[in-house]
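Data from upload_7.tsv: TSV, C-alpha atoms
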```tsv
chain	number	residue	atom	x	y	z
F	1	MET	CA	81.58	94.72	118.93
F	2	GLU	CA	84.14	97.31	120.02
F	3	LEU	CA	85.23	100.28	117.89
F	4	LEU	CA	88.78	101.52	118.49
F	5	GLY	CA	91.16	104.02	116.91
F	6	THR	CA	90.05	107.05	114.92
F	7	ASP	CA	87.74	107.77	111.99
F	8	ASN	CA	90.65	107.47	109.55
F	9	HIS	CA	92.42	104.58	111.31
F	10	LYS	CA	89.70	102.32	112.63
F	11	ILE	CA	89.92	98.95	114.39
F	12	ILE	CA	86.77	96.87	114.85
F	13	HIS	CA	87.09	94.28	117.60
F	14	GLY	CA	84.61	91.58	116.70
F	15	ASP	CA	83.51	88.83	114.34
F	16	ALA	CA	84.27	89.56	110.68
F	17	LEU	CA	80.81	88.63	109.40
F	18	LEU	CA	79.03	90.85	111.91
F	19	ALA	CA	81.48	93.70	111.49
F	20	LEU	CA	81.19	93.65	107.71
F	21	GLN	CA	77.40	93.60	107.92
F	22	HIS	CA	76.92	96.31	110.52
F	23	GLU	CA	80.03	98.53	110.66
F	24	VAL	CA	81.18	98.90	107.03
F	25	LYS	CA	78.99	100.66	104.47
F	26	ASP	CA	78.32	99.15	101.06
F	27	ASN	CA	80.32	100.65	98.16
F	28	SER	CA	82.63	102.49	100.57
F	29	VAL	CA	86.04	100.76	100.33
F	30	ASP	CA	88.73	101.32	97.69
F	31	LEU	CA	90.88	98.27	98.42
F	32	ILE	CA	90.31	95.06	100.37
F	33	PHE	CA	93.07	92.63	101.32
F	34	ALA	CA	91.72	89.44	102.89
F	35	ASP	CA	93.96	86.79	104.44
F	36	PRO	CA	91.48	84.52	106.27
F	37	PRO	CA	92.13	81.36	108.27
F	38	TYR	CA	93.06	78.59	105.82
F	39	ASN	CA	91.31	75.68	107.59
F	40	ILE	CA	94.62	73.88	108.14
F	41	GLY	CA	94.74	73.75	111.95
F	42	LYS	CA	96.83	76.80	112.87
F	43	ASN	CA	96.53	78.02	116.45
F	44	PHE	CA	95.39	81.65	116.56
F	45	ALA	CA	95.72	82.73	120.20
F	46	GLY	CA	94.00	79.56	121.41
F	47	CYS	CA	91.47	79.34	118.58
F	48	LEU	CA	92.15	76.46	116.17
F	49	ASP	CA	91.76	77.21	112.47
F	50	LYS	CA	89.82	74.03	111.63
F	51	TRP	CA	86.23	73.51	110.57
F	52	ASP	CA	84.33	70.22	110.95
F	53	THR	CA	84.13	69.77	107.19
F	54	ASP	CA	85.51	71.47	104.10
F	55	GLU	CA	81.93	72.28	103.12
F	56	ASN	CA	81.37	74.20	106.37
F	57	TYR	CA	84.57	76.15	105.84
F	58	LEU	CA	83.59	77.11	102.30
F	59	GLU	CA	80.08	78.06	103.37
F	60	TRP	CA	81.60	80.49	105.89
F	61	CYS	CA	84.05	81.82	103.30
F	62	TYR	CA	81.32	82.45	100.74
F	63	GLN	CA	79.49	84.61	103.29
F	64	TRP	CA	82.38	86.99	103.94
F	65	LEU	CA	83.47	86.98	100.31
F	66	ASP	CA	79.99	88.13	99.30
F	67	LEU	CA	80.07	90.85	101.94
F	68	CYS	CA	83.48	92.05	100.78
F	69	VAL	CA	82.19	92.39	97.22
F	70	LYS	CA	79.32	94.56	98.50
F	71	LYS	CA	81.69	96.83	100.45
F	72	LEU	CA	83.90	97.61	97.43
F	73	LYS	CA	83.40	100.85	95.55
F	74	PRO	CA	82.48	100.47	91.85
F	75	ASN	CA	86.16	101.06	90.98
F	76	GLY	CA	87.49	99.06	93.93
F	77	SER	CA	90.04	96.22	94.02
F	78	PHE	CA	90.02	93.00	96.05
F	79	TYR	CA	93.05	90.82	96.86
F	80	VAL	CA	92.28	87.54	98.61
F	81	MET	CA	94.45	84.67	99.84
F	82	THR	CA	93.77	81.13	101.01
F	83	SER	CA	95.46	77.74	100.88
F	84	THR	CA	96.32	76.12	97.55
F	85	GLN	CA	93.63	73.46	98.09
F	86	PHE	CA	90.81	75.97	98.63
F	87	MET	CA	91.78	78.69	96.14
F	88	PRO	CA	90.04	76.93	93.20
F	89	PHE	CA	86.73	77.24	95.08
F	90	PHE	CA	87.37	80.94	95.78
F	91	ASP	CA	88.24	81.45	92.12
F	92	LEU	CA	85.04	79.84	90.83
F	93	PHE	CA	82.94	81.77	93.35
F	94	LEU	CA	84.47	85.18	92.69
F	95	ARG	CA	84.66	84.99	88.89
F	96	LYS	CA	80.83	85.15	88.86
F	97	ARG	CA	80.89	88.38	90.88
F	98	LEU	CA	84.11	90.21	89.97
F	99	ASN	CA	86.68	90.40	87.19
F	100	ILE	CA	89.76	88.34	88.08
F	101	MET	CA	92.70	90.31	86.69
F	102	SER	CA	95.61	88.18	88.00
F	103	ARG	CA	96.27	84.91	89.76
F	104	ILE	CA	99.40	85.60	91.81
F	105	ALA	CA	101.78	83.10	93.41
F	106	TRP	CA	103.64	84.41	96.46
F	107	TYR	CA	106.79	82.28	96.45
F	108	TYR	CA	109.15	81.90	99.43
F	109	ASP	CA	112.04	79.76	100.59
F	110	SER	CA	111.04	76.73	102.65
F	111	SER	CA	114.13	76.97	104.90
F	112	GLY	CA	114.90	73.32	104.30
F	113	VAL	CA	111.65	72.04	105.84
F	114	GLN	CA	109.83	70.24	103.06
F	115	ALA	CA	107.57	67.24	102.44
F	116	LYS	CA	109.27	63.89	101.79
F	117	ASN	CA	106.45	61.87	100.20
F	118	TYR	CA	104.95	64.46	97.81
F	119	TYR	CA	105.75	67.86	96.30
F	120	GLY	CA	105.41	70.32	99.15
F	121	SER	CA	103.92	73.75	98.63
F	122	MET	CA	106.36	76.65	98.44
F	123	TYR	CA	103.87	79.35	97.54
F	124	GLU	CA	100.56	80.84	98.58
F	125	PRO	CA	98.01	81.93	95.97
F	126	ILE	CA	96.50	85.42	95.75
F	127	LEU	CA	93.60	86.53	93.54
F	128	PHE	CA	93.56	90.12	92.29
F	129	CYS	CA	89.99	91.10	91.38
F	130	VAL	CA	88.18	94.29	90.42
F	131	LYS	CA	84.54	95.29	90.07
F	132	ASN	CA	85.00	97.15	86.80
F	133	LYS	CA	87.83	96.04	84.52
F	134	ASP	CA	87.63	99.33	82.64
F	135	ASN	CA	87.86	101.55	85.74
F	136	TYR	CA	90.14	100.59	88.62
F	137	THR	CA	93.31	101.87	90.26
F	138	PHE	CA	96.62	100.37	89.18
F	139	ASN	CA	99.68	102.53	89.84
F	140	SER	CA	102.20	100.62	87.75
F	141	GLU	CA	104.93	103.25	88.14
F	142	ALA	CA	104.80	102.85	91.93
F	143	ILE	CA	105.74	99.15	91.90
F	144	MET	CA	108.34	98.85	89.15
F	145	VAL	CA	111.06	96.23	89.62
F	146	GLU	CA	114.38	95.63	87.93
F	147	ALA	CA	114.21	94.08	84.46
F	148	LYS	CA	117.27	91.83	84.28
F	149	THR	CA	117.38	91.82	80.48
F	150	GLY	CA	117.74	95.59	80.38
F	151	SER	CA	119.44	96.57	83.61
F	152	GLN	CA	121.90	93.70	84.06
F	153	ARG	CA	122.48	92.11	80.65
F	154	LYS	CA	122.34	95.38	78.68
F	155	LEU	CA	120.76	93.65	75.70
F	156	ILE	CA	119.61	95.56	72.62
F	157	ASP	CA	116.16	95.09	71.10
F	158	TYR	CA	116.88	94.90	67.35
F	159	ARG	CA	113.18	94.55	66.54
F	160	LYS	CA	112.80	98.30	67.05
F	161	ASN	CA	113.86	100.88	64.51
F	162	PRO	CA	116.28	102.20	65.44
F	163	PRO	CA	117.49	99.41	67.79
F	164	GLN	CA	117.51	100.42	71.47
F	165	PRO	CA	118.26	98.91	74.88
F	166	TYR	CA	115.59	96.93	76.67
F	167	ASN	CA	113.83	98.73	79.52
F	168	SER	CA	115.63	98.58	82.87
F	169	LYS	CA	112.35	98.56	84.87
F	170	LYS	CA	109.12	96.61	84.51
F	171	VAL	CA	105.83	95.88	86.25
F	172	PRO	CA	106.18	92.66	88.33
F	173	GLY	CA	104.76	89.48	86.88
F	174	ASN	CA	102.42	87.21	88.82
F	175	VAL	CA	105.14	85.29	90.70
F	176	TRP	CA	106.27	87.34	93.70
F	177	GLU	CA	109.27	86.36	95.82
F	178	PHE	CA	109.21	87.83	99.32
F	179	ALA	CA	110.75	86.25	102.41
F	180	ARG	CA	108.33	85.01	105.04
F	181	VAL	CA	108.36	86.80	108.37
F	182	ARG	CA	110.41	84.75	110.80
F	183	TYR	CA	111.06	84.96	114.51
F	184	ARG	CA	113.41	87.79	115.56
F	185	MET	CA	113.10	89.69	112.29
F	186	PRO	CA	112.42	93.38	113.09
F	187	GLU	CA	108.85	93.22	111.77
F	188	TYR	CA	108.02	89.97	113.57
F	189	GLU	CA	104.88	89.85	115.70
F	190	ASN	CA	103.52	86.96	117.77
F	191	HIS	CA	101.18	85.68	115.05
F	192	PRO	CA	101.43	82.33	113.20
F	193	THR	CA	100.64	83.58	109.68
F	194	GLN	CA	102.04	87.12	109.57
F	195	LYS	CA	102.46	88.51	106.05
F	196	PRO	CA	105.55	90.61	105.18
F	197	VAL	CA	105.47	94.39	104.92
F	198	ALA	CA	106.96	94.17	101.41
F	199	LEU	CA	104.04	92.08	100.13
F	200	LEU	CA	101.41	94.52	101.42
F	201	GLU	CA	103.46	97.49	100.30
F	202	ARG	CA	103.29	96.31	96.68
F	203	ILE	CA	99.54	95.67	96.85
F	204	ILE	CA	98.65	98.95	98.54
F	205	ARG	CA	100.91	101.07	96.34
F	206	ALA	CA	99.52	99.46	93.18
F	207	SER	CA	95.81	99.39	93.97
F	208	SER	CA	95.10	102.48	96.06
F	209	ASN	CA	95.95	106.17	96.30
F	210	GLU	CA	96.66	108.45	99.24
F	211	GLY	CA	93.47	109.09	101.20
F	212	ASP	CA	91.78	105.89	99.95
F	213	VAL	CA	90.13	103.44	102.35
F	214	VAL	CA	91.84	100.05	102.79
F	215	LEU	CA	89.97	97.22	104.55
F	216	ASP	CA	91.39	94.04	106.08
F	217	PRO	CA	88.63	91.79	107.51
F	218	PHE	CA	91.12	89.42	109.20
F	219	SER	CA	93.74	91.83	110.46
F	220	GLY	CA	95.84	89.46	112.59
F	221	SER	CA	99.25	91.13	112.96
F	222	PHE	CA	97.83	94.31	111.38
F	223	THR	CA	100.46	94.50	108.66
F	224	THR	CA	97.87	95.74	106.14
F	225	ALA	CA	96.81	98.57	108.44
F	226	TYR	CA	100.42	99.41	109.32
F	227	VAL	CA	101.47	99.75	105.68
F	228	ALA	CA	98.27	101.62	104.78
F	229	LYS	CA	98.94	104.19	107.49
F	230	GLN	CA	102.60	104.59	106.48
F	231	LEU	CA	101.50	105.24	102.89
F	232	GLY	CA	98.87	107.82	103.78
F	233	ARG	CA	95.79	105.64	103.35
F	234	LYS	CA	92.82	105.31	105.68
F	235	PHE	CA	92.10	101.83	106.97
F	236	ILE	CA	89.53	99.62	108.62
F	237	GLY	CA	90.92	96.57	110.40
F	238	ILE	CA	88.64	93.83	111.76
F	239	GLU	CA	89.96	91.35	114.32
F	240	LEU	CA	88.33	88.92	116.75
F	241	GLN	CA	91.17	87.97	119.10
F	242	ASP	CA	92.20	90.21	122.03
F	243	GLU	CA	95.88	89.32	121.61
F	244	TYR	CA	95.94	90.61	118.05
F	245	ILE	CA	93.94	93.72	118.89
F	246	LYS	CA	96.80	94.59	121.25
F	247	ILE	CA	99.29	94.19	118.40
F	248	GLY	CA	97.22	96.46	116.20
F	249	LEU	CA	96.80	99.22	118.76
F	250	ARG	CA	100.50	99.27	119.57
F	251	ARG	CA	101.83	98.78	116.07
F	252	LEU	CA	99.68	101.59	114.71
F	253	GLY	CA	100.43	103.95	117.57
F	254	LEU	CA	96.76	104.15	118.56
F	255	ALA	CA	97.21	103.22	122.24
F	256	THR	CA	99.89	102.41	124.79
F	257	GLU	CA	97.53	100.46	127.06
F	258	TYR	CA	94.58	98.12	126.55
F	259	LYS	CA	92.32	96.77	129.32
F	260	GLY	CA	94.88	97.80	131.91
F	261	GLU	CA	97.81	96.14	130.13
F	262	THR	CA	100.78	98.16	128.88
F	263	LEU	CA	101.37	97.33	125.21
F	264	ARG	CA	104.92	96.24	124.35
F	265	HIS	CA	106.53	94.76	121.30
F	266	VAL	CA	108.53	91.51	121.54
F	267	GLU	CA	112.22	92.17	122.06
F	268	LYS	CA	114.15	92.50	118.80
F	269	THR	CA	117.76	91.34	119.02
F	270	TYR	CA	118.37	90.12	115.46
F	271	LYS	CA	118.93	92.16	112.30
F	272	PRO	CA	118.09	90.28	109.07
F	273	GLU	CA	119.20	90.93	105.54
F	274	ASN	CA	117.29	93.45	103.40
F	275	THR	CA	113.58	92.52	103.36
F	276	LYS	CA	113.08	94.29	100.01
F	277	SER	CA	110.67	96.79	101.58
F	278	GLN	CA	110.94	100.51	101.04
F	279	LEU	CA	109.15	101.27	104.30
F	280	SER	CA	110.95	101.93	107.55
F	281	LEU	CA	109.95	99.49	110.27
F	282	ASN	CA	109.30	101.92	113.09
F	283	PHE	CA	107.18	100.41	115.82
```

Turn the structure described in the file into structure tokens.
Amino acid sequence: MELLGTDNHKIIHGDALLALQHEVKDNSVDLIFADPPYNIGKNFAGCLDKWDTDENYLEWCYQWLDLCVKKLKPNGSFYVMTSTQFMPFFDLFLRKRLNIMSRIAWYYDSSGVQAKNYYGSMYEPILFCVKNKDNYTFNSEAIMVEAKTGSQRKLIDYRKNPPQPYNSKKVPGNVWEFARVRYRMPEYENHPTQKPVALLERIIRASSNEGDVVLDPFSGSFTTAYVAKQLGRKFIGIELQDEYIKIGLRRLGLATEYKGETLRHVEKTYKPENTKSQLSLNF
């Protein structure tokens, strides 16, 4: 286990189970975002994301899920992702331990690559859970989106007395459309399952406040930590692979060198359309 960064911006280089057990205090974290391996065979810097059996994968998941629940403060929030085929098991496991407030579908364009013999998946599921459904952070004003009925169609709500226009802003529903991070986009890192800044920005704005502690037990490309730092939150990022530790140290401005190697970002030569994020992508 290797501890890197600072007290407020901490990276733990090691196994998630061990790090959660020994380096993170119980009841100490305001917000957890967990995006674990999905058990679908992705290659993470030479380590294949595939367990011998589904049962072994779920047994491992239940261990870190339990630990995450213990690390949350009494008013803490937990967002967790996995594949569509395993999310029902996560749901059943967590509903006995937390209050599931929303079941979110992150929808994205498939770029024309789609299954031919069945209905291919075009979304990834996210559970939003809290320890105490009567006491948790949810900054609705910080994540408002355009309400098409009010802002575009200018419709009048005649059910009200007197009649008045529909609201032009609203809290997002549970279907979120954000583009996936693709090669040569400014925020792209060399990681096979990188999540977009815009997705994490919504979660962190909604479910934490400045100065709160945000934990990501599978940090990967360190998008969670990057957004948390930009928004004035503290963070704890856990990561096993050396290659991704390098991304985290560089992306967060915590080091310019690691184990004798100068840390550099992949060359960016392509400017995409608006990614819907309010954050500047300064690396």

I want to know what sits within 6 Å of Leu215 (chain F), based on all atoms listed in the file, with residues of the same chain fewer than 5 positions away left out; could you give that as a CSV table (one decimal) with C-alpha atoms, keeping the file's coordinate frame?
```csv
chain,number,residue,atom,x,y,z
F,32,ILE,CA,90.3,95.1,100.4
F,235,PHE,CA,92.1,101.8,107.0
F,236,ILE,CA,89.5,99.6,108.6
F,237,GLY,CA,90.9,96.6,110.4
```

Q | Nearby residues (all atoms listed in the file) at most 7 Å from Pro172 (chain F), same-chain spacing under 2 positions excluded, as a PyMOL selection string | A | chain F and resi 144-145+170+174

Expected file contents, prior selection, C-alpha atoms, as a JSON list (two decimals), keeping the file's coordinate frame:
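out14.json written:
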```json
[["chain", "number", "residue", "atom", "x", "y", "z"],
["F", 144, "MET", "CA", 108.34, 98.85, 89.15],
["F", 145, "VAL", "CA", 111.06, 96.23, 89.62],
["F", 170, "LYS", "CA", 109.12, 96.61, 84.51],
["F", 174, "ASN", "CA", 102.42, 87.21, 88.82]]
```

- Task: Skip Ala225 (chain F) itself and residues of its chain fewer than 5 positions away, then list as a PyMOL selection string all residues within 12 Å of it, counting all atoms listed in the file.
- Result: chain F and resi 5+8-11+31-34+195+197+200-201+204+213-220+230-239+245+247-254

ask   = Nearest to Asp109 (chain F): which of F:Thr224, F:Ser121, F:Thr262, F:Asn161 is it, counting only C-alpha atoms?
value =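 With only C-alpha atoms as the atom set, the closest residue is F:Ser121.
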
Exercise for review: Fewer than 3 positions away in the same chain doesn't count, so skip those; otherwise give me all residues within 10 Å of Trp64 (chain F), counting all atoms listed in the file, as a PyMOL selection string.
Suggested key: chain F and resi 16-18+20-21+34+36+59-61+67-70+217

Output, as JSON, the centre and edge lengths in Å (one decimal) of the axis-aligned box that contains all listed atoms of region 76-85 of chain F with 5 Å of margin on each side.
```
{"center_x": 91.9, "center_y": 86.3, "center_z": 97.5, "size_x": 18.8, "size_y": 35.6, "size_z": 17.1}
```

Who sits within 8 Å of Met101 (chain F), only C-alpha atoms, same chain under 3 positions skipped, as a PDB file with C-alpha atoms, keeping the file's coordinate frame:
```
ATOM      1  CA  LEU F 127      93.600  86.530  93.540  1.00  0.00           C
ATOM      2  CA  PHE F 128      93.560  90.120  92.290  1.00  0.00           C
ATOM      3  CA  CYS F 129      89.990  91.100  91.380  1.00  0.00           C
ATOM      4  CA  VAL F 130      88.180  94.290  90.420  1.00  0.00           C
ATOM      5  CA  LYS F 133      87.830  96.040  84.520  1.00  0.00           C
TER       6      LYS F 133
END
```

Correct to one decimal, the distance CA of Phe78 (chain F)-CA of Val29 (chain F) is 9.7 Å

CA of Val171 (chain F) sits from CA of Val227 (chain F) at a separation of 20.3 Å

Computed gap from CA of Tyr107 (chain F) to CA of Phe178 (chain F) is 6.7 Å

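If only C-alpha atoms are the atoms counted, then among F:Lys148, F:Lys169, F:Lys160, F:Arg103 the closest residue to Tyr79 (chain F) is F:Arg103.
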